[in-house]
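> One structure coming up, written as structure tokens, with questions to follow.
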Amino acid sequence: MNPFVTIKDIDQAAQAITKKIKIAPQVALVLGSGLGGLADEVVDPVVIPYAEIPNWPVSTIHGHAGRLVIGSLAGVPVMVMQGRAHYYEGYTMDHVTLPIRVMQRMKIGIIILTNAAGAINPDYQPGDVMALSDHIGLIGMAGLNPLRGPNLDEFGERFPDMSQVYDRELIKLSSEIARKNKIELHKGVYVCLSGPSFESPADLRFLRGIGADAVGMSTVPEAIVARHGRTRVLAFSGISNKANLDGNTETTHEEVLAAGSLIVPKLTTLIKGVLESIGA
Ligand code: HPA
């Protein structure tokens with residue numbers, strides 16, 4: 001098996017999707033653990049299970065529905081990924097990020113990524129929302145960069161700049177919408193680990209020391225691939241638990257999913273507000 005995704009694989013998936021829809025989505029949303037409820041807001045939805053799209057990675061994780069929902073949100077044509085696949089499920093980084101490539105082939109200009117994350121910053125509480133101002137690509141630094149392998153010249157250059165991964169204008173817009181709606185929106189640095197085990201207390205003290213505010217198991221590979229193709233990126237972490245730096249409490253997937261019910265209404269307001277402004 002070729003470990004790297006080819007342009008043929010990407011186009012097969014893109015064609016399977018475009019055959020089933022009548023609109024051209026302008027914005028894509030990727031919904032993380034416990035955050036899939038946002039897809040219920042999509043008007044006139046066409047639903048495509050991931051299993052029906054060739055080469056598309058299917059998530060095996062509870063809390064990830066595994067379907068594309070395409071329709072209109074706040075008047076903007078959108079494609080929503082209700083659930084995503086992760087590296088820890090056994091997919092290569094290329095396969096984890098294939099959906100981003102498909103979005104780029106479909107000429108989607110903005111990708112909004114969401115995730116559930118643990119709070120490392122002591123000021124963050126479960127239920128809070130953070131806009132990513134930057135990231136630490138720890139697993140990429142360790143060799144698992146999604147751009148490893150033959151460069152896909154159709155999308156971008158071999159050595160792409162990453163000085164501004166998260167779009168400053170879109171972050172500013174999100175802050176304004178948060179203020180208007182009385183939502184506290186943190187801005188912070190997200191660090192991506194491979195998982196699936198949660199961090200040890202010593203891991204967490206290390207992550208705090210290197211400048212991370214929140215920790216999770218996704219988003220960064222997708223953001224890197226998006227920026228390789230010059231797609232604009234906005235990303236939000238829903239804080240699902242406090243990182244356990246002292247080793248006295250356990251972290252569970254159940255609490256991560258439960259926090260989603262606090263986070264989804266806030267993210268819905270923020271994302272709809274951003275879309276309304278983009279559409280206007
Ligand atoms: N660590 C890593 N990933 C996570 C966490 C966490 O505490 N919470 C939700 N995703």
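Identifiers in the structure tokens: chain A, B, ... in order shown; residue index from 1 per chain; ligand index from 1 in order shown.
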Give me the residues near stretch 33-40 of chain A as an MDAnalysis selection string, where near means some atom within 7 Å (using only C-alpha atoms) and where sequence neighbours in that chain fewer than 2 positions away do not count.
chainID A and resid 31 42 63:64 69 80 82:83 115:116 257 260 264 268
> Could you give me the residues within 7 Å of ligand 1, counting only C-alpha atoms and all ligand atoms, as a list in words?
Ala116, Ala117, Gly118, Ala119, Gly195, Phe198, Glu199, Val215, Gly216, Met217, Ser240, Asn241, Lys242, Ala243, Thr251 and Val256 of chain A
> What does the structure give for the distance between atom CA of A:Lys107 and atom CA of A:Ala223, in Å to one decimal?
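Spanning atom CA of A:Lys107 to atom CA of A:Ala223 is a straight-line distance of 16.1 Å.
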> Residues within 10 Å of A:Ile61, please, as a VMD selection string. Count only C-alpha atoms; anything in the same chain fewer than 4 positions from it doesn't count.
chain A and resid 33 65 to 66 83 to 86 89
> I need the residues of stretch 27-201 of chain A that end up classed as alpha helix (DSSP H) by DSSP on the backbone, written out as a ChimeraX atom specification.
/A:93-96,98-105,138-141,168-180,201
> Please save N, CA, C and O atoms of the selected residues as a compact mmCIF listing (two decimals), in the first residue's frame.

```txt
# COMPACT_ATOMS: atom_id res chain seq x y z
N MET A 93 -0.82 10.12 8.93
CA MET A 93 -1.11 11.56 8.94
C MET A 93 -1.72 12.00 7.60
O MET A 93 -2.55 12.90 7.56
N ASP A 94 -1.28 11.36 6.51
CA ASP A 94 -1.84 11.67 5.20
C ASP A 94 -3.33 11.39 5.14
O ASP A 94 -4.10 12.15 4.57
N HIS A 95 -3.72 10.25 5.72
CA HIS A 95 -5.14 9.89 5.69
C HIS A 95 -5.96 10.76 6.64
O HIS A 95 -7.08 11.14 6.33
N VAL A 96 -5.37 11.09 7.80
CA VAL A 96 -6.06 11.96 8.75
C VAL A 96 -6.41 13.29 8.08
O VAL A 96 -7.47 13.88 8.33
N LEU A 98 -6.59 13.88 4.69
CA LEU A 98 -7.20 13.81 3.35
C LEU A 98 -8.45 14.69 3.23
O LEU A 98 -8.62 15.38 2.20
N PRO A 99 -9.32 14.73 4.24
CA PRO A 99 -10.51 15.61 4.09
C PRO A 99 -10.14 17.07 3.82
O PRO A 99 -10.85 17.75 3.08
N ILE A 100 -9.05 17.54 4.39
CA ILE A 100 -8.63 18.94 4.17
C ILE A 100 -8.25 19.12 2.69
O ILE A 100 -8.61 20.12 2.05
N ARG A 101 -7.55 18.14 2.14
CA ARG A 101 -7.18 18.20 0.72
C ARG A 101 -8.43 18.21 -0.17
O ARG A 101 -8.50 18.93 -1.17
N VAL A 102 -9.41 17.40 0.22
CA VAL A 102 -10.65 17.36 -0.56
C VAL A 102 -11.34 18.73 -0.52
O VAL A 102 -11.80 19.25 -1.54
N MET A 103 -11.36 19.33 0.66
CA MET A 103 -11.96 20.68 0.78
C MET A 103 -11.24 21.66 -0.13
O MET A 103 -11.86 22.51 -0.77
N GLN A 104 -9.93 21.54 -0.19
CA GLN A 104 -9.15 22.46 -1.05
C GLN A 104 -9.47 22.22 -2.53
O GLN A 104 -9.61 23.18 -3.29
N ARG A 105 -9.62 20.95 -2.91
CA ARG A 105 -9.97 20.66 -4.32
C ARG A 105 -11.37 21.17 -4.64
O ARG A 105 -11.69 21.48 -5.78
N LEU A 138 4.04 19.50 18.33
CA LEU A 138 5.01 18.59 18.95
C LEU A 138 5.17 17.28 18.18
O LEU A 138 6.29 16.81 17.98
N ILE A 139 4.07 16.69 17.72
CA ILE A 139 4.24 15.41 17.02
C ILE A 139 4.85 15.63 15.64
O ILE A 139 5.56 14.77 15.14
N GLY A 140 4.61 16.80 15.06
CA GLY A 140 5.26 17.12 13.79
C GLY A 140 6.76 17.29 13.99
O GLY A 140 7.57 16.80 13.20
N MET A 141 7.14 17.94 15.08
CA MET A 141 8.57 18.13 15.39
C MET A 141 9.24 16.78 15.58
O MET A 141 10.41 16.59 15.28
N ARG A 168 -5.65 35.98 11.53
CA ARG A 168 -5.82 37.05 12.54
C ARG A 168 -7.14 37.80 12.37
O ARG A 168 -7.77 38.17 13.36
N GLU A 169 -7.54 38.01 11.14
CA GLU A 169 -8.82 38.72 10.92
C GLU A 169 -9.99 37.90 11.47
O GLU A 169 -10.92 38.45 12.06
N LEU A 170 -9.95 36.60 11.24
CA LEU A 170 -11.05 35.74 11.71
C LEU A 170 -11.05 35.63 13.24
O LEU A 170 -12.11 35.54 13.87
N ILE A 171 -9.87 35.68 13.85
CA ILE A 171 -9.79 35.66 15.33
C ILE A 171 -10.39 36.95 15.88
O ILE A 171 -11.16 36.94 16.84
N LYS A 172 -10.06 38.06 15.22
CA LYS A 172 -10.57 39.37 15.67
C LYS A 172 -12.10 39.40 15.55
O LYS A 172 -12.80 39.82 16.46
N LEU A 173 -12.58 38.89 14.43
CA LEU A 173 -14.03 38.82 14.22
C LEU A 173 -14.68 37.96 15.31
O LEU A 173 -15.71 38.34 15.89
N SER A 174 -14.07 36.83 15.63
CA SER A 174 -14.61 35.94 16.68
C SER A 174 -14.64 36.66 18.02
O SER A 174 -15.59 36.50 18.80
N SER A 175 -13.61 37.44 18.31
CA SER A 175 -13.56 38.17 19.58
C SER A 175 -14.70 39.18 19.66
O SER A 175 -15.31 39.35 20.73
N GLU A 176 -14.96 39.85 18.55
CA GLU A 176 -16.06 40.84 18.54
C GLU A 176 -17.40 40.15 18.77
O GLU A 176 -18.23 40.63 19.54
N ILE A 177 -17.59 39.01 18.11
CA ILE A 177 -18.86 38.28 18.28
C ILE A 177 -18.98 37.77 19.71
O ILE A 177 -20.06 37.82 20.31
N ALA A 178 -17.88 37.30 20.28
CA ALA A 178 -17.89 36.82 21.67
C ALA A 178 -18.29 37.96 22.61
O ALA A 178 -19.14 37.78 23.50
N ARG A 179 -17.69 39.14 22.39
CA ARG A 179 -17.97 40.28 23.27
C ARG A 179 -19.45 40.66 23.18
O ARG A 179 -20.11 40.84 24.19
N LYS A 180 -19.96 40.72 21.96
CA LYS A 180 -21.37 41.11 21.77
C LYS A 180 -22.31 40.12 22.46
O LYS A 180 -23.38 40.49 22.90
N PRO A 201 1.11 13.56 34.81
CA PRO A 201 1.38 14.87 35.43
C PRO A 201 2.70 15.48 34.96
O PRO A 201 2.79 16.69 34.73
```
> Counting only C-alpha atoms, figure out which residue out of A:Leu207, A:Ile23, A:Leu132, A:Ile7 gets nearest to A:Leu245.
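Checking each of A:Leu207, A:Ile23, A:Leu132, A:Ile7 against A:Leu245, counting only C-alpha atoms, the winner is A:Leu207.
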> Quick one: residues within 7 Å of A:Met79, only C-alpha atoms, excluding same-chain residues fewer than 3 positions away - as a JSON list (two decimals) with N, CA and C atoms, in the first residue's frame?

```
[["chain", "number", "residue", "atom", "x", "y", "z"],
["A", 25, "PRO", "N", -19.97, 24.48, -1.37],
["A", 25, "PRO", "CA", -19.67, 24.99, -0.04],
["A", 25, "PRO", "C", -18.50, 25.99, -0.08],
["A", 27, "VAL", "N", -17.36, 27.35, 3.08],
["A", 27, "VAL", "CA", -16.69, 27.20, 4.37],
["A", 27, "VAL", "C", -16.85, 25.75, 4.81],
["A", 28, "ALA", "N", -15.80, 25.18, 5.40],
["A", 28, "ALA", "CA", -15.91, 23.84, 5.97],
["A", 28, "ALA", "C", -15.72, 23.92, 7.48],
["A", 29, "LEU", "N", -16.43, 23.05, 8.18],
["A", 29, "LEU", "CA", -16.32, 22.97, 9.63],
["A", 29, "LEU", "C", -15.95, 21.55, 10.01],
["A", 68, "LEU", "N", -20.71, 13.54, 6.69],
["A", 68, "LEU", "CA", -20.63, 14.91, 6.16],
["A", 68, "LEU", "C", -22.03, 15.47, 6.09],
["A", 69, "VAL", "N", -22.20, 16.70, 6.53],
["A", 69, "VAL", "CA", -23.49, 17.37, 6.44],
["A", 69, "VAL", "C", -23.27, 18.64, 5.62],
["A", 70, "ILE", "N", -23.94, 18.69, 4.46],
["A", 70, "ILE", "CA", -23.72, 19.82, 3.56],
["A", 70, "ILE", "C", -25.03, 20.58, 3.39],
["A", 71, "GLY", "N", -24.96, 21.87, 3.57],
["A", 71, "GLY", "CA", -26.17, 22.69, 3.47],
["A", 71, "GLY", "C", -25.83, 24.14, 3.76]]
```
> Can you tell me which residues surround A:Ala226 at a distance of at most 10 Å, considering only C-alpha atoms, apart from same-chain residues fewer than 3 positions away, and format the answer as a list in words?
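Using only C-alpha atoms, the neighbours found are Thr97, Ile100, Arg101, Met103, Gln104, Gly109, Ile110, Ile111, Phe155, Gly156, Val165, Val220, Pro221, Glu222, Ala223, Gly229, Arg230, Thr231, Arg232 and Val233 of chain A.
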> What lies within 7 Å of stretch 273-276 of chain A using only C-alpha atoms, ignoring chain neighbours under 3 positions off, as a list in words?
Ala74, Gly75, Val76, Leu173, Ser174, Ile177, Thr269, Leu270, Gly279 and Ala280 of chain A
> Report as a count of residues only all protein, DNA and RNA residues lying within 10 Å of A:Gln15, evaluated on only C-alpha atoms, omitting residues in the same chain fewer than 4 positions from it.
9
